[in-house]
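Here is the structure we will look at.
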Amino acid sequence: MNVLVIGGAGYIGSHCVRQLSAAGHRAVVLDNLVFGHRAAVGAEVPFYQGDLGDAVFVGQVLEAEKIELVMHFAAFAFVGESVENPLKYYENNLAKPITLLKTMVTHGVGKFVLSSTCATYGVPAELPIVEDMPQNPINPYGQSKLDLENVLRATAVAHGLSFASFRYFNAAGAAQDGSIGEDHDPETHLIPLVIQAAMGQRKSTSIFGTDYPTPDGTCLRDYVHVDDLSRAHIAAIPHLEKPGQQLFYNLGTGKPQSVREVIDTVEKVSGLKVPVQEGPRRPGDPPSLYADSSKAQNELDWKIHHLDLETIIATAWNWHKTHPEGFRE
């Protein structure tokens, strides 16, 4: 299948491009390179630099490449920034994807896969989180993703769009061969922050809150390997053949790990000491978030290949050790 990967030069998108090719699909990448890296996409993959909100440009790509399905990864995802600048997030994460969907309808492309987020649930009343729990986002980032899910629902009814929306937990790790990995500026994800502190690229890593009602007092999160995330997107493709399909899945391992466990595991994998600074809790940080992903496993036959934290962090360490400056070397 010809698949347009929007945001395919970003962290998760670039790994999905690799997995699409491995599964026998033909990936085409569209990315504006605001956060993505051209070097993350192989030279053999057709690449278009442009914006998903440019209807004429996107329409030309859909036609030229005979696109049958669109995967969308090009969202802004900094929670704090979304609170400070909500209009930026509603424009990029909602308004532009609406333009994209209109363009797809115009050009007869009826299959769509969305990179969504567990942030649509807000602070859950129960754990683990299942797909039919109430969705009450507590920031504009999560709200923009939930709003887009609702737009997709309406588009499926009105135009027969078939879509799958994947609500990620904490994407982590890097490609097994160490050739592509996580490279954000600014970096906000815990595992690369801890690795950079171990490597001396940062003075220290911070623990925000040590008094949570968790086994060691620090927050618990569900870390899922980026290649496992990618394989779920591909597993959904055969389930989108019938028009009007509306599929929603959590993607996580169901094994929550604490901030201290991440730090300890980085030290074990790297053999280096991680300098740590402890501070107060951050507003809006739930004590624990983790997924029940049995729906994806049962309906899509999705299998988690990287279940333990040490394996996930080992792939991330391999990437950062061999690419200390990321893609900017």
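Order determines the names: the first chain of the structure tokens is A, the second B, and so forth; residues in each chain are numbered 1 upward, and ligands are numbered 1 upward as they are shown.
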
Selection near Ala171 of chain A, 6 Å with only C-alpha atoms, sequence-local residues under 6 positions removed, as a ChimeraX atom specification:
/A:223-226

Next, the residues of the selection above should be written as a PDB file, in the first residue's frame with C-alpha atoms.
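Writing done, so here's part_24.pdb:
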ATOM      1  CA  TYR A 223       7.239   3.258  28.636  1.00  0.00           C
ATOM      2  CA  VAL A 224       6.565   1.567  25.285  1.00  0.00           C
ATOM      3  CA  HIS A 225       9.220   1.050  22.616  1.00  0.00           C
ATOM      4  CA  VAL A 226       8.893   3.221  19.525  1.00  0.00           C
TER       5      VAL A 226
END

Write down as a PyMOL selection string the residues belonging to segment 143-204 of chain A that are assigned helix (DSSP H, G or I) by DSSP computed on the backbone.
chain A and resi 143-159+190-198

Close residues, Ser165 of chain A itself excluded, 12 Å, only C-alpha atoms, min 5 positions apart in chain, as number ranges by chain:
A: 71-73, 111-118, 120, 131, 145-146, 148-153, 229, 232-233, 236-237, 240, 245-251, 296

Of the candidates A:Val61, A:Val3, A:Ala75, A:Val56, which one gets nearest to Gly36 of chain A if we count only C-alpha atoms?
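Of A:Val61, A:Val3, A:Ala75, A:Val56, the one nearest Gly36 of chain A is A:Ala75, counting only C-alpha atoms.
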
Counting only C-alpha atoms, which residues of segment 156-253 of chain A sit at most 10 Å from some atom of segment 40-45 of chain A, and what is each one's closest atom pair with its distance in Å to one decimal, listed by chain and rising residue number, as JSON lines?
{"residue": "A:Ser179", "atom": "CA", "partner": "A:Ala40", "partner_atom": "CA", "distance": 8.4}
{"residue": "A:Ile180", "atom": "CA", "partner": "A:Ala40", "partner_atom": "CA", "distance": 6.1}
{"residue": "A:Gly181", "atom": "CA", "partner": "A:Ala40", "partner_atom": "CA", "distance": 8.2}
{"residue": "A:Glu182", "atom": "CA", "partner": "A:Ala40", "partner_atom": "CA", "distance": 9.9}
{"residue": "A:Asp183", "atom": "CA", "partner": "A:Ala40", "partner_atom": "CA", "distance": 9.8}

Would you write out those residues with C-alpha atoms, as a PDB file, in the first residue's frame?
ATOM      1  CA  SER A 179      20.797   4.398  13.177  1.00  0.00           C
ATOM      2  CA  ILE A 180      17.815   6.556  14.185  1.00  0.00           C
ATOM      3  CA  GLY A 181      16.523   7.636  17.563  1.00  0.00           C
ATOM      4  CA  GLU A 182      15.213  10.468  19.698  1.00  0.00           C
ATOM      5  CA  ASP A 183      16.470  13.974  18.934  1.00  0.00           C
TER       6      ASP A 183
END

Can you work out which one of A:Asp177, A:Asp222, A:Glu278, A:Glu63 has the shortest atom-to-atom distance to Gly209 of chain A, counting only C-alpha atoms?
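Looking at the shortest contact to Gly209 of chain A, the residue is A:Glu278.
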
Going by DSSP on the backbone, which residues of segment 69-283 of chain A come out as strand (DSSP E or B)? List them as a compact mmCIF listing (two decimals) with C-alpha atoms, in the first residue's frame.
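Saved as states24.txt:
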# COMPACT_ATOMS: atom_id res chain seq x y z
CA LEU A 69 -3.69 5.77 3.40
CA VAL A 70 -2.41 8.68 5.48
CA MET A 71 -0.61 8.35 8.83
CA HIS A 72 -0.46 11.57 10.82
CA LYS A 111 -8.01 5.62 5.26
CA PHE A 112 -6.34 7.46 8.13
CA VAL A 113 -4.21 6.57 11.16
CA LEU A 114 -3.79 9.10 13.95
CA SER A 115 -1.00 9.44 16.47
CA SER A 116 -3.10 10.37 19.52
CA THR A 117 -2.24 10.38 23.22
CA ILE A 129 -6.58 2.97 31.60
CA SER A 162 -11.98 4.61 8.04
CA PHE A 163 -9.55 5.49 10.80
CA ALA A 164 -7.57 4.16 13.73
CA SER A 165 -6.56 6.42 16.59
CA PHE A 166 -3.70 5.25 18.80
CA ARG A 167 -3.48 6.74 22.27
CA TYR A 168 0.19 6.51 23.17
CA ASN A 170 5.39 7.12 26.89
CA ALA A 171 7.17 6.41 23.62
CA ALA A 172 10.80 5.44 24.25
CA THR A 205 18.46 15.30 35.73
CA SER A 206 15.52 16.43 37.83
CA ILE A 207 13.05 14.44 39.89
CA PHE A 208 9.87 16.46 40.28
CA LEU A 220 5.01 5.99 37.55
CA ARG A 221 4.74 5.95 33.75
CA ASP A 222 4.25 3.35 31.03
CA TYR A 223 7.24 3.26 28.64
CA VAL A 224 6.57 1.57 25.29
CA HIS A 225 9.22 1.05 22.62
CA GLN A 246 -13.75 3.90 13.85
CA LEU A 247 -10.99 2.23 15.87
CA PHE A 248 -9.43 3.43 19.12
CA TYR A 249 -6.53 1.75 20.90
CA ASN A 250 -4.24 2.36 23.86
CA LEU A 251 -0.58 1.57 23.27
CA PRO A 256 4.51 1.23 35.05
CA GLN A 257 8.05 2.29 35.92
CA SER A 258 9.08 5.05 38.31
CA VAL A 276 20.19 14.00 40.22
CA GLN A 277 18.41 17.05 41.62
CA GLU A 278 15.21 16.55 43.59
CA GLY A 279 12.49 19.18 43.47

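Take the candidates A:His184, A:Tyr90, A:Gln176, A:Val109 and check each one against Arg328 of chain A using only C-alpha atoms; the shortest distance goes to A:His184.
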
Mind pulling up the distance from atom CA of Ile6 of chain A to atom CA of Thr106 of chain A?
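Atom-to-atom, atom CA of Thr106 of chain A to atom CA of Ile6 of chain A, that is 17.7 Å.
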